[in-house]
Every structure is written in C-alpha cells, then in structure tokens.
$ cat entry_38.pdb   # PDB, C-alpha atoms
MODEL        1
ATOM      1  CA  MET R  32     -13.675   2.228 -18.149
ATOM      2  CA  ALA R  33     -14.964   2.110 -14.576
ATOM      3  CA  ASP R  34     -18.681   1.839 -13.898
ATOM      4  CA  ALA R  35     -19.733   5.483 -13.644
ATOM      5  CA  SER R  36     -22.680   4.679 -11.374
ATOM      6  CA  ARG R  37     -20.243   3.089  -8.938
ATOM      7  CA  THR R  38     -17.424   5.624  -9.056
ATOM      8  CA  ASN R  39     -18.606   9.056 -10.191
ATOM      9  CA  PRO R  40     -20.271  11.285  -7.595
ATOM     10  CA  GLN R  41     -22.741  13.921  -8.754
ATOM     11  CA  SER R  42     -20.417  16.739  -7.637
ATOM     12  CA  VAL R  43     -16.917  15.853  -8.768
ATOM     13  CA  ASP R  44     -13.836  16.971  -6.846
ATOM     14  CA  ARG R  45     -10.526  17.689  -8.488
ATOM     15  CA  LEU R  46      -8.073  15.021  -7.397
ATOM     16  CA  GLY R  47      -4.365  14.920  -6.713
ATOM     17  CA  TYR R  48      -2.006  11.977  -6.331
ATOM     18  CA  ILE R  49       1.456  12.101  -4.763
ATOM     19  CA  GLY R  50       3.789   9.099  -4.882
ATOM     20  CA  LEU R  51       3.830   7.196  -8.171
ATOM     21  CA  GLY R  52       5.629   4.014  -7.183
ATOM     22  CA  LEU R  53       4.553   0.379  -7.411
ATOM     23  CA  MET R  54       1.124   1.183  -5.974
ATOM     24  CA  GLY R  55       0.608   4.852  -6.774
ATOM     25  CA  ALA R  56       1.114   4.644 -10.537
ATOM     26  CA  PRO R  57      -1.506   1.944 -11.225
ATOM     27  CA  MET R  58      -3.932   3.523  -8.744
ATOM     28  CA  THR R  59      -3.598   6.845 -10.550
ATOM     29  CA  ARG R  60      -4.187   5.114 -13.883
ATOM     30  CA  ARG R  61      -7.479   3.783 -12.570
ATOM     31  CA  LEU R  62      -8.591   7.277 -11.577
ATOM     32  CA  LEU R  63      -7.718   8.531 -15.053
ATOM     33  CA  LYS R  64      -9.600   5.656 -16.679
ATOM     34  CA  ALA R  65     -12.620   6.640 -14.591
ATOM     35  CA  ASP R  66     -12.388  10.100 -16.233
ATOM     36  CA  TYR R  67     -11.319  11.995 -13.133
ATOM     37  CA  GLN R  68      -9.127  15.084 -13.312
ATOM     38  CA  VAL R  69      -5.881  14.173 -11.525
ATOM     39  CA  THR R  70      -2.877  16.373 -10.761
ATOM     40  CA  ILE R  71       0.257  14.387  -9.930
ATOM     41  CA  TRP R  72       3.644  14.863  -8.313
ATOM     42  CA  ASN R  73       6.480  12.463  -7.625
ATOM     43  CA  ARG R  74       9.938  12.975  -6.187
ATOM     44  CA  SER R  75      11.439  11.115  -9.187
ATOM     45  CA  GLN R  76      10.195  13.286 -12.023
ATOM     46  CA  ASP R  77      10.572  10.626 -14.749
ATOM     47  CA  LYS R  78       7.785   8.537 -13.232
ATOM     48  CA  MET R  79       5.259  11.258 -14.044
ATOM     49  CA  ALA R  80       5.725  11.183 -17.819
ATOM     50  CA  PRO R  81       3.659   8.037 -18.625
ATOM     51  CA  LEU R  82       0.775   9.290 -16.475
ATOM     52  CA  VAL R  83       0.864  12.739 -18.072
ATOM     53  CA  GLU R  84       0.585  10.963 -21.420
ATOM     54  CA  ALA R  85      -2.445   9.137 -20.008
ATOM     55  CA  GLY R  86      -4.127  12.437 -19.128
ATOM     56  CA  ALA R  87      -2.806  13.541 -15.733
ATOM     57  CA  SER R  88      -1.649  17.101 -15.064
ATOM     58  CA  ARG R  89       1.945  17.530 -13.888
ATOM     59  CA  ALA R  90       2.645  19.602 -10.774
ATOM     60  CA  ASP R  91       6.040  21.048  -9.883
ATOM     61  CA  THR R  92       5.601  20.691  -6.107
ATOM     62  CA  PRO R  93       3.268  19.086  -3.549
ATOM     63  CA  ARG R  94       1.991  22.605  -2.848
ATOM     64  CA  ASP R  95       0.843  22.851  -6.471
ATOM     65  CA  VAL R  96      -1.009  19.539  -6.132
ATOM     66  CA  MET R  97      -2.902  20.889  -3.121
ATOM     67  CA  ALA R  98      -3.625  24.187  -4.872
ATOM     68  CA  ASN R  99      -5.180  22.369  -7.838
ATOM     69  CA  SER R 100      -7.093  19.651  -5.931
ATOM     70  CA  GLU R 101      -9.870  19.267  -3.390
ATOM     71  CA  ILE R 102      -8.780  15.742  -2.444
ATOM     72  CA  VAL R 103      -5.122  14.700  -2.425
ATOM     73  CA  PHE R 104      -4.237  11.005  -2.369
ATOM     74  CA  MET R 105      -0.769  10.017  -1.262
ATOM     75  CA  CYS R 106       1.208   6.770  -1.236
ATOM     76  CA  VAL R 107       4.843   7.135  -0.176
ATOM     77  CA  THR R 108       7.457   4.979   1.517
ATOM     78  CA  ASP R 109       7.252   5.796   5.218
ATOM     79  CA  ALA R 110       6.389   8.409   7.846
ATOM     80  CA  ALA R 111       9.502  10.457   7.051
ATOM     81  CA  ALA R 112       8.419  10.680   3.404
ATOM     82  CA  VAL R 113       4.886  11.690   4.446
ATOM     83  CA  GLU R 114       6.359  14.372   6.725
ATOM     84  CA  GLU R 115       8.465  15.738   3.873
ATOM     85  CA  VAL R 116       5.545  15.873   1.435
ATOM     86  CA  ILE R 117       3.402  17.756   3.948
ATOM     87  CA  PHE R 118       5.818  19.995   5.809
ATOM     88  CA  GLY R 119       8.874  20.131   3.552
ATOM     89  CA  ARG R 120       9.733  22.995   1.252
ATOM     90  CA  GLU R 121       6.596  23.825  -0.786
ATOM     91  CA  GLY R 122       4.730  20.996   0.931
ATOM     92  CA  LEU R 123       0.991  20.484   1.204
ATOM     93  CA  SER R 124       0.788  22.523   4.408
ATOM     94  CA  SER R 125       1.962  25.670   2.581
ATOM     95  CA  ALA R 126      -1.184  25.804   0.407
ATOM     96  CA  ALA R 127      -4.703  26.772   1.445
ATOM     97  CA  GLY R 128      -6.487  23.692   2.774
ATOM     98  CA  ALA R 129      -9.888  24.641   4.154
ATOM     99  CA  GLY R 130     -12.514  22.199   2.890
ATOM    100  CA  LYS R 131      -9.862  19.891   1.434
ATOM    101  CA  LEU R 132      -8.781  16.371   2.380
ATOM    102  CA  VAL R 133      -5.586  14.364   2.342
ATOM    103  CA  VAL R 134      -6.065  10.604   2.001
ATOM    104  CA  ASP R 135      -2.855   8.836   2.972
ATOM    105  CA  PHE R 136      -2.507   5.340   1.486
ATOM    106  CA  SER R 137       0.977   4.962   3.022
ATOM    107  CA  SER R 138       1.550   2.425   5.806
ATOM    108  CA  ILE R 139       2.882   4.298   8.845
ATOM    109  CA  HIS R 140       2.674   4.101  12.631
ATOM    110  CA  PRO R 141      -0.819   4.944  13.956
ATOM    111  CA  ASP R 142       0.716   7.518  16.310
ATOM    112  CA  ALA R 143       2.458   9.162  13.360
ATOM    113  CA  ALA R 144      -0.833   9.345  11.451
ATOM    114  CA  ARG R 145      -2.560  11.056  14.368
ATOM    115  CA  ASP R 146       0.323  13.501  14.861
ATOM    116  CA  LEU R 147       0.579  14.422  11.177
ATOM    117  CA  ALA R 148      -3.184  14.863  10.902
ATOM    118  CA  THR R 149      -3.286  17.210  13.894
ATOM    119  CA  ARG R 150      -0.352  19.285  12.686
ATOM    120  CA  LEU R 151      -1.733  19.610   9.157
ATOM    121  CA  LYS R 152      -5.138  20.631  10.498
ATOM    122  CA  ASP R 153      -3.468  23.300  12.642
ATOM    123  CA  ALA R 154      -1.342  24.494   9.692
ATOM    124  CA  ASN R 155      -4.000  24.993   7.019
ATOM    125  CA  SER R 156      -7.282  23.331   8.103
ATOM    126  CA  THR R 157      -6.933  20.311   5.787
ATOM    127  CA  GLY R 158      -8.777  17.159   6.873
ATOM    128  CA  TRP R 159      -7.126  13.730   7.041
ATOM    129  CA  ILE R 160      -7.980  10.119   6.312
ATOM    130  CA  ASP R 161      -5.453   7.376   6.961
ATOM    131  CA  ALA R 162      -6.248   4.664   4.418
ATOM    132  CA  PRO R 163      -3.511   2.033   4.037
ATOM    133  CA  VAL R 164      -4.043  -0.557   1.328
ATOM    134  CA  SER R 165      -3.708  -4.311   0.923
ATOM    135  CA  GLY R 166      -3.617  -6.330  -2.281
ATOM    136  CA  GLY R 167      -0.210  -5.565  -3.738
ATOM    137  CA  THR R 168       0.589  -4.387  -7.227
ATOM    138  CA  LYS R 169      -1.835  -6.879  -8.747
ATOM    139  CA  GLY R 170      -4.684  -5.427  -6.712
ATOM    140  CA  ALA R 171      -3.638  -1.893  -7.624
ATOM    141  CA  GLU R 172      -3.654  -2.718 -11.332
ATOM    142  CA  GLU R 173      -6.966  -4.598 -11.236
ATOM    143  CA  GLY R 174      -8.777  -2.303  -8.797
ATOM    144  CA  THR R 175      -9.303  -5.095  -6.268
ATOM    145  CA  LEU R 176      -7.503  -3.531  -3.305
ATOM    146  CA  ALA R 177      -8.825  -3.686   0.238
ATOM    147  CA  ILE R 178      -8.510  -0.280   1.893
ATOM    148  CA  MET R 179      -9.051   0.268   5.616
ATOM    149  CA  ALA R 180      -9.665   3.816   6.783
ATOM    150  CA  GLY R 181      -9.537   6.034   9.836
ATOM    151  CA  GLY R 182     -11.187   9.458   9.930
ATOM    152  CA  GLU R 183     -14.498  11.300  10.148
ATOM    153  CA  ALA R 184     -17.511   9.447   8.728
ATOM    154  CA  ALA R 185     -18.534  12.355   6.491
ATOM    155  CA  ASP R 186     -15.029  12.574   5.044
ATOM    156  CA  ILE R 187     -15.003   8.833   4.366
ATOM    157  CA  GLU R 188     -18.256   9.070   2.415
ATOM    158  CA  ARG R 189     -17.009  12.065   0.466
ATOM    159  CA  VAL R 190     -13.977  10.151  -0.857
ATOM    160  CA  ARG R 191     -15.665   6.747  -1.191
ATOM    161  CA  PRO R 192     -16.643   7.094  -4.897
ATOM    162  CA  TYR R 193     -13.067   7.937  -5.857
ATOM    163  CA  VAL R 194     -11.529   5.222  -3.702
ATOM    164  CA  LEU R 195     -13.846   2.625  -5.233
ATOM    165  CA  ALA R 196     -12.374   3.460  -8.631
ATOM    166  CA  MET R 197      -9.147   2.024  -7.206
ATOM    167  CA  ALA R 198     -10.355  -0.630  -4.777
ATOM    168  CA  ARG R 199     -12.941  -3.323  -4.261
ATOM    169  CA  ARG R 200     -13.417  -2.680  -0.549
ATOM    170  CA  PHE R 201     -13.211   0.531   1.504
ATOM    171  CA  THR R 202     -13.981   0.054   5.193
ATOM    172  CA  HIS R 203     -14.268   2.787   7.818
ATOM    173  CA  MET R 204     -12.624   1.382  10.948
ATOM    174  CA  GLY R 205     -12.867   4.340  13.306
ATOM    175  CA  PRO R 206     -11.118   7.658  14.038
ATOM    176  CA  ILE R 207      -7.780   8.758  12.603
ATOM    177  CA  GLY R 208      -5.183   6.045  13.235
ATOM    178  CA  ALA R 209      -7.682   3.188  13.067
ATOM    179  CA  GLY R 210      -6.884   2.494   9.427
ATOM    180  CA  GLN R 211      -3.187   2.160  10.223
ATOM    181  CA  THR R 212      -3.896  -0.161  13.153
ATOM    182  CA  THR R 213      -6.064  -2.346  10.921
ATOM    183  CA  LYS R 214      -3.259  -2.489   8.353
ATOM    184  CA  LEU R 215      -0.923  -3.754  11.060
ATOM    185  CA  CYS R 216      -3.362  -6.602  11.753
ATOM    186  CA  ASN R 217      -3.333  -7.286   8.018
ATOM    187  CA  GLN R 218       0.459  -7.379   7.972
ATOM    188  CA  VAL R 219       0.602  -9.813  10.885
ATOM    189  CA  ILE R 220      -1.460 -12.195   8.763
ATOM    190  CA  VAL R 221       0.299 -11.538   5.440
ATOM    191  CA  GLY R 222       3.830 -11.518   6.841
ATOM    192  CA  CYS R 223       3.278 -14.772   8.704
ATOM    193  CA  ALA R 224       1.544 -16.274   5.641
ATOM    194  CA  MET R 225       4.541 -15.489   3.446
ATOM    195  CA  ALA R 226       6.885 -17.144   5.932
ATOM    196  CA  VAL R 227       4.665 -20.213   6.386
ATOM    197  CA  LEU R 228       3.990 -20.656   2.665
ATOM    198  CA  ALA R 229       7.719 -20.403   1.959
ATOM    199  CA  GLU R 230       8.248 -23.199   4.484
ATOM    200  CA  ALA R 231       5.527 -25.432   3.035
ATOM    201  CA  THR R 232       6.709 -24.818  -0.523
ATOM    202  CA  ARG R 233      10.306 -25.672   0.351
ATOM    203  CA  LEU R 234       9.154 -28.887   2.071
ATOM    204  CA  ALA R 235       7.293 -29.893  -1.091
ATOM    205  CA  VAL R 236      10.312 -29.187  -3.319
ATOM    206  CA  ASN R 237      12.779 -30.968  -1.030
ATOM    207  CA  ALA R 238      10.470 -33.980  -0.696
ATOM    208  CA  GLY R 239      10.267 -34.315  -4.465
ATOM    209  CA  ILE R 240       6.666 -33.374  -5.219
ATOM    210  CA  ASP R 241       5.514 -30.743  -7.701
ATOM    211  CA  ALA R 242       5.107 -27.619  -5.561
ATOM    212  CA  ASN R 243       3.435 -25.852  -8.500
ATOM    213  CA  ARG R 244       0.409 -28.060  -7.869
ATOM    214  CA  LEU R 245      -0.002 -27.140  -4.195
ATOM    215  CA  PRO R 246      -2.563 -24.400  -4.927
ATOM    216  CA  GLU R 247      -4.632 -26.834  -7.019
ATOM    217  CA  ALA R 248      -4.321 -29.673  -4.503
ATOM    218  CA  LEU R 249      -5.259 -27.537  -1.493
ATOM    219  CA  ALA R 250      -8.004 -25.457  -3.152
ATOM    220  CA  GLY R 251     -11.218 -25.573  -1.155
ATOM    221  CA  GLY R 252      -9.577 -27.033   1.940
ATOM    222  CA  PHE R 253      -8.729 -25.288   5.199
ATOM    223  CA  ALA R 254      -5.291 -24.320   3.845
ATOM    224  CA  ASP R 255      -6.722 -22.524   0.815
ATOM    225  CA  SER R 256      -6.366 -18.755   0.635
ATOM    226  CA  ILE R 257      -5.574 -15.919  -1.746
ATOM    227  CA  PRO R 258      -1.933 -15.916  -0.522
ATOM    228  CA  LEU R 259      -1.653 -19.656  -1.230
ATOM    229  CA  GLN R 260      -2.976 -19.253  -4.751
ATOM    230  CA  LEU R 261      -0.918 -16.143  -5.524
ATOM    231  CA  PHE R 262       2.332 -16.548  -3.593
ATOM    232  CA  VAL R 263       3.259 -20.219  -4.082
ATOM    233  CA  PRO R 264       3.493 -20.192  -7.908
ATOM    234  CA  ARG R 265       5.598 -17.033  -7.773
ATOM    235  CA  MET R 266       7.912 -18.592  -5.189
ATOM    236  CA  VAL R 267       8.347 -21.855  -7.093
ATOM    237  CA  GLN R 268       8.815 -20.216 -10.487
ATOM    238  CA  GLY R 269      10.985 -17.371  -9.223
ATOM    239  CA  ILE R 270       8.609 -14.666 -10.458
ATOM    240  CA  HIS R 271       9.626 -11.485  -8.649
ATOM    241  CA  THR R 272       9.131  -8.790 -11.294
ATOM    242  CA  PRO R 273       7.211  -6.699 -10.695
ATOM    243  CA  PRO R 274       7.499  -7.329  -6.955
ATOM    244  CA  LEU R 275       4.289  -7.750  -4.979
ATOM    245  CA  GLY R 276       5.979  -5.636  -2.327
ATOM    246  CA  HIS R 277       9.479  -4.923  -1.107
ATOM    247  CA  ILE R 278      11.163  -6.796   1.741
ATOM    248  CA  ALA R 279      11.936  -3.453   3.413
ATOM    249  CA  THR R 280       8.259  -2.477   3.395
ATOM    250  CA  MET R 281       7.126  -5.702   5.039
ATOM    251  CA  LEU R 282       9.901  -5.457   7.620
ATOM    252  CA  LYS R 283       8.954  -1.843   8.392
ATOM    253  CA  ASP R 284       5.360  -2.890   9.019
ATOM    254  CA  LEU R 285       6.282  -5.879  11.174
ATOM    255  CA  ASP R 286       8.616  -3.691  13.226
ATOM    256  CA  THR R 287       5.688  -1.309  13.743
ATOM    257  CA  VAL R 288       3.553  -4.278  14.824
ATOM    258  CA  ALA R 289       6.180  -5.109  17.450
ATOM    259  CA  ASP R 290       6.182  -1.509  18.697
ATOM    260  CA  VAL R 291       2.391  -1.272  18.977
ATOM    261  CA  ALA R 292       2.250  -4.731  20.536
ATOM    262  CA  GLN R 293       4.693  -3.642  23.232
ATOM    263  CA  ALA R 294       2.698  -0.466  23.909
ATOM    264  CA  THR R 295      -0.538  -2.447  24.225
ATOM    265  CA  SER R 296       0.910  -5.464  26.086
ATOM    266  CA  THR R 297      -0.053  -7.738  23.187
ATOM    267  CA  PRO R 298       1.892 -10.981  22.654
ATOM    268  CA  VAL R 299       2.857 -11.402  18.989
ATOM    269  CA  PRO R 300       5.254 -14.370  18.881
ATOM    270  CA  MET R 301       4.437 -15.371  15.281
ATOM    271  CA  ALA R 302       4.703 -11.840  13.905
ATOM    272  CA  SER R 303       7.961 -11.356  15.794
ATOM    273  CA  LEU R 304       9.429 -14.485  14.205
ATOM    274  CA  ALA R 305       8.236 -13.390  10.762
ATOM    275  CA  GLY R 306       9.905 -10.030  11.352
ATOM    276  CA  GLN R 307      13.226 -11.690  12.109
ATOM    277  CA  LEU R 308      12.937 -13.855   8.983
ATOM    278  CA  PHE R 309      12.342 -10.747   6.868
ATOM    279  CA  ARG R 310      15.325  -9.097   8.562
ATOM    280  CA  LEU R 311      17.428 -12.045   7.421
ATOM    281  CA  ALA R 312      15.882 -11.800   3.946
ATOM    282  CA  LYS R 313      16.787  -8.116   3.774
ATOM    283  CA  LEU R 314      20.433  -8.976   4.491
ATOM    284  CA  ALA R 315      20.458 -11.897   2.071
ATOM    285  CA  ARG R 316      18.386 -10.535  -0.819
ATOM    286  CA  GLY R 317      18.384  -6.742  -0.356
ATOM    287  CA  ALA R 318      15.864  -4.195   0.897
ATOM    288  CA  GLU R 319      14.257  -3.651  -2.516
ATOM    289  CA  ALA R 320      13.848  -7.356  -3.324
ATOM    290  CA  ASP R 321      10.371  -8.837  -3.638
ATOM    291  CA  ALA R 322       9.064  -9.899  -0.218
ATOM    292  CA  LEU R 323       8.372 -13.380  -1.623
ATOM    293  CA  GLU R 324      12.124 -13.900  -1.902
ATOM    294  CA  ILE R 325      11.868 -14.957   1.739
ATOM    295  CA  TYR R 326      11.414 -18.380   0.104
ATOM    296  CA  LYS R 327      15.050 -18.278  -1.002
ATOM    297  CA  LEU R 328      16.312 -18.163   2.593
ATOM    298  CA  SER R 329      15.821 -21.917   2.842
ATOM    299  CA  ALA R 330      17.336 -22.791  -0.539
ATOM    300  CA  SER R 331      20.345 -25.054  -0.831
ATOM    301  CA  GLU R 332      23.232 -23.826  -2.956
ATOM    302  CA  ARG R 333      21.937 -25.661  -6.002
ATOM    303  CA  GLN R 334      18.401 -24.276  -5.491
ATOM    304  CA  ALA R 335      19.418 -20.661  -4.985
ATOM    305  CA  VAL R 336      18.512 -18.276  -7.798
TER     306      VAL R 336
ENDMDL
END
$ encode --input "entry_38.pdb" --output "structure tokens"
Amino acid sequence: MADASRTNPQSVDRLGYIGLGLMGAPMTRRLLKADYQVTIWNRSQDKMAPLVEAGASRADTPRDVMANSEIVFMCVTDAAAVEEVIFGREGLSSAAGAGKLVVDFSSIHPDAARDLATRLKDANSTGWIDAPVSGGTKGAEEGTLAIMAGGEAADIERVRPYVLAMARRFTHMGPIGAGQTTKLCNQVIVGCAMAVLAEATRLAVNAGIDANRLPEALAGGFADSIPLQLFVPRMVQGIHTPPLGHIATMLKDLDTVADVAQATSTPVPMASLAGQLFRLAKLARGAEADALEIYKLSASERQAV
C-alpha cells in the first residue's frame, strides 16, 4: 500500500488510464494499490481483465474513460496512437472536458504534444500535461520512475499526488512540450549508454574475463551508473523477458532527437550513431525485441543467442 500522506490528496479526483502495455499496466496497478478509483481502456481488450480483477473499472471507449474521470493518464506507442485515442471514433475529444486534464506519459515529438494539446483544448476545453517517463518496466513496477513534465504549474500540482503513486520523481520542466524535450535528452543518454555498455561488455567477454562482475568491479568509480548495474547483467545472461523497452521505441525516440537537433542546429554525433546501431538491431532482432539486444549485434556465431 502506498503512503497515503504522500499520495492521497484531500479532494480525490476520479482517474482514468488508457494504454495498458509494458508501462501502463504496472502503473495502473500502483494507482489501484493506492486506493484510487481508476477507469481503464486498452485497444487490446484482453489486457484489461487482470486490472479489472484488481479493482479497475472497464470502459468500452476512450470517451467513456473521459466521461468517468477528472484526470486521464495515457501511455501509448506513438503520436499516431495518441491522435487516435483523442480524436478517433469515440475518442477523448468527444466527451465533455471542462475542468479535466489529460496527462500523456507517451514519448512523442514536442511539436506533436503542443499541437495535440491545442486541438484538444479547442475541442472540449480539456487541459494537457506532457509527462514522458524514464525507468523502464522495473521502475513502473516498483514506483521508482522519473517523470518530466510540461504544462501549467497549477495543473502539475493538481496531478502530483497521483503521479507520485507511480513515480519517485516528478519534475515540472516548463510549458507544454518541455517534458517531451527533456525525455529526448534522457534518451540521448540512455540510448548511447546501451550502445557503449554493449561494447564494453562484449570486450570483456571476448577478452576472457567474467563480464558478470563488471558492475561489482566498477561500482563507485566514474563508470558506475544505474544503467551499468541494470543493463550489463541482463546483456551477459540474455535476460530479455520482460523487455526493459522495445528496440522500436528507442529508435523512434532517437529519430526524434535527430529531427529536433536538426531544427535547433544542435550537433548530436553520438546519438546519431546510437540511432544507426538501433536501426541495425531492429533489422537483426526485430522491432519488438528488448532494446538491450543491441548487445547481440557484436556476437560471433557461437555467441549469438
């Protein structure tokens, strides 16, 4: 059970959650464990059943989620999926929205976030917070996510108690779009870290030392980090279920980095290289493979799994 003093506001909003994938399902479970009323919807209906058993209310459409919630959280694949949830048949925009908020945990282009927010506001007066997340499935399950947000300060404070039932850190970075831009900075670091750690791990294996001990050996030094401690054992031991994130998702984000970098005249040579490595990984391992399978790009035939 979450700490009520940390998560429960005095006036409790009804919550909705749309998108019950690798991140959305465990995040919704944390809201339910904190005793919040949550109405859910997912394109694949079968994913709703375990959460309904855990206490969530099932909605037939995104419109129904909006009708039965004051705050709607959303975590879907990309901007096209966000567009469909909002403006598709029986989408969020078709329900009354005055005084309500959509908090989008999806990772999309900052320009797309600003456009969608403006169009939804014009359609039914719903407010918007872009709030992409970092921490992977482990962070979603344990409630240790870092969430970076763009939107109005008052809206951020309104949703903060609920978000902190799902995350350890919730930082207001500026107006709408700022959360998405911050997530891109995060993905530059994470994407490059995955590529570099795959390289270091392969060097250790090929040179005949126990790569499983790299996190222990480097702990406390300049090379130490959460990615080192988390990613290297999974790479070495071939642990990819459940995936920390899909190759396609990382590639999407790094491609967005390249687009924003071009628009802002920002050199991103390392992120560009990481993007090309993930493009190769997508061809070699598949779009839905765990992003850490980038390690397998450098495997010899006898090492390949």
$ residues_around --input "entry_38.pdb" --residues "R:Gly205" --least-positions-apart "5" --cutoff "12 Å" --atoms "only C-alpha atoms" --output "compact mmCIF listing (two decimals) with C-alpha atoms, in the frame of the given file"
# COMPACT_ATOMS: atom_id res chain seq x y z
CA ILE R 160 -7.98 10.12 6.31
CA ASP R 161 -5.45 7.38 6.96
CA ALA R 162 -6.25 4.66 4.42
CA MET R 179 -9.05 0.27 5.62
CA ALA R 180 -9.66 3.82 6.78
CA GLY R 181 -9.54 6.03 9.84
CA GLY R 182 -11.19 9.46 9.93
CA GLU R 183 -14.50 11.30 10.15
CA ALA R 184 -17.51 9.45 8.73
CA ALA R 185 -18.53 12.36 6.49
CA ASP R 186 -15.03 12.57 5.04
CA ILE R 187 -15.00 8.83 4.37
CA GLY R 210 -6.88 2.49 9.43
CA GLN R 211 -3.19 2.16 10.22
CA THR R 212 -3.90 -0.16 13.15
CA THR R 213 -6.06 -2.35 10.92
$ residues_around --input "entry_38.pdb" --residues "stretch 297-313 of chain R" --least-positions-apart "2" --cutoff "12 Å" --atoms "only C-alpha atoms" --output "ChimeraX atom specification"
/R:215-230,277-295,315-330
$ resolve_selection --input "entry_38.pdb" --expression "the PyMOL selection byres ((chain R and resi 140) around 8)" --output "VMD selection string"
chain R and resid 110 138 to 139 141 to 144 211 to 212 287
$ closest_residue --input "entry_38.pdb" --among "R:Ile117, R:Ala248, R:Ala112, R:Ala177" --to "R:Leu195" --atoms "only C-alpha atoms"
R:Ala177
$ resolve_selection --input "entry_38.pdb" --expression "the PyMOL selection byres ((chain R and resi 171) around 9)" --output "list in words"
Leu53, Met54, Gly55, Ala56, Pro57, Met58, Arg61, Ser165, Gly166, Gly167, Thr168, Lys169, Gly170, Glu172, Glu173, Gly174, Thr175, Leu176, Met197 and Ala198 of chain R
$ closest_residue --input "entry_38.pdb" --among "R:Val134, R:Leu147, R:Ala154, R:Ala85" --to "R:Ile178" --atoms "only C-alpha atoms"
R:Val134
$ closest_residue --input "entry_38.pdb" --among "R:Asp135, R:Glu115, R:Asp241, R:Glu121" --to "R:Gly47" --atoms "all atoms listed in the file"
R:Asp135
$ resolve_selection --input "entry_38.pdb" --expression "the PyMOL selection byres ((chain R and resi 82) around 10)" --output "PDB file with C-alpha atoms, in the coordinates of the input"
ATOM      1  CA  LEU R  51       3.830   7.196  -8.171  1.00  0.00           C
ATOM      2  CA  ALA R  56       1.114   4.644 -10.537  1.00  0.00           C
ATOM      3  CA  PRO R  57      -1.506   1.944 -11.225  1.00  0.00           C
ATOM      4  CA  THR R  59      -3.598   6.845 -10.550  1.00  0.00           C
ATOM      5  CA  ARG R  60      -4.187   5.114 -13.883  1.00  0.00           C
ATOM      6  CA  LEU R  63      -7.718   8.531 -15.053  1.00  0.00           C
ATOM      7  CA  VAL R  69      -5.881  14.173 -11.525  1.00  0.00           C
ATOM      8  CA  THR R  70      -2.877  16.373 -10.761  1.00  0.00           C
ATOM      9  CA  ILE R  71       0.257  14.387  -9.930  1.00  0.00           C
ATOM     10  CA  LYS R  78       7.785   8.537 -13.232  1.00  0.00           C
ATOM     11  CA  MET R  79       5.259  11.258 -14.044  1.00  0.00           C
ATOM     12  CA  ALA R  80       5.725  11.183 -17.819  1.00  0.00           C
ATOM     13  CA  PRO R  81       3.659   8.037 -18.625  1.00  0.00           C
ATOM     14  CA  VAL R  83       0.864  12.739 -18.072  1.00  0.00           C
ATOM     15  CA  GLU R  84       0.585  10.963 -21.420  1.00  0.00           C
ATOM     16  CA  ALA R  85      -2.445   9.137 -20.008  1.00  0.00           C
ATOM     17  CA  GLY R  86      -4.127  12.437 -19.128  1.00  0.00           C
ATOM     18  CA  ALA R  87      -2.806  13.541 -15.733  1.00  0.00           C
ATOM     19  CA  SER R  88      -1.649  17.101 -15.064  1.00  0.00           C
ATOM     20  CA  ARG R  89       1.945  17.530 -13.888  1.00  0.00           C
TER      21      ARG R  89
END
$ atom_distance --input "entry_38.pdb" --atom1 "atom CA of R:Glu114" --atom2 "atom CA of R:Ile49"
12.7 Å
$ closest_residue --input "entry_38.pdb" --among "R:Met97, R:Ala209, R:Ala65, R:Val267" --to "R:Ala242" --atoms "all atoms listed in the file"
R:Val267
$ axis_aligned_box --input "entry_38.pdb" --around "stretch 54-70 of chain R" --padding-each-side "4 Å" --output "JSON"
{"center_x": -5.7, "center_y": 8.8, "center_z": -11.3, "size_x": 21.7, "size_y": 23.2, "size_z": 18.7}
$ residues_near_point --input "entry_38.pdb" --point "(1.7, 17.8, 3.9)" --cutoff "9 Å" --atoms "all atoms listed in the file" --output "ChimeraX atom specification"
/R:93-94,97,113-119,122-125,133,147,151
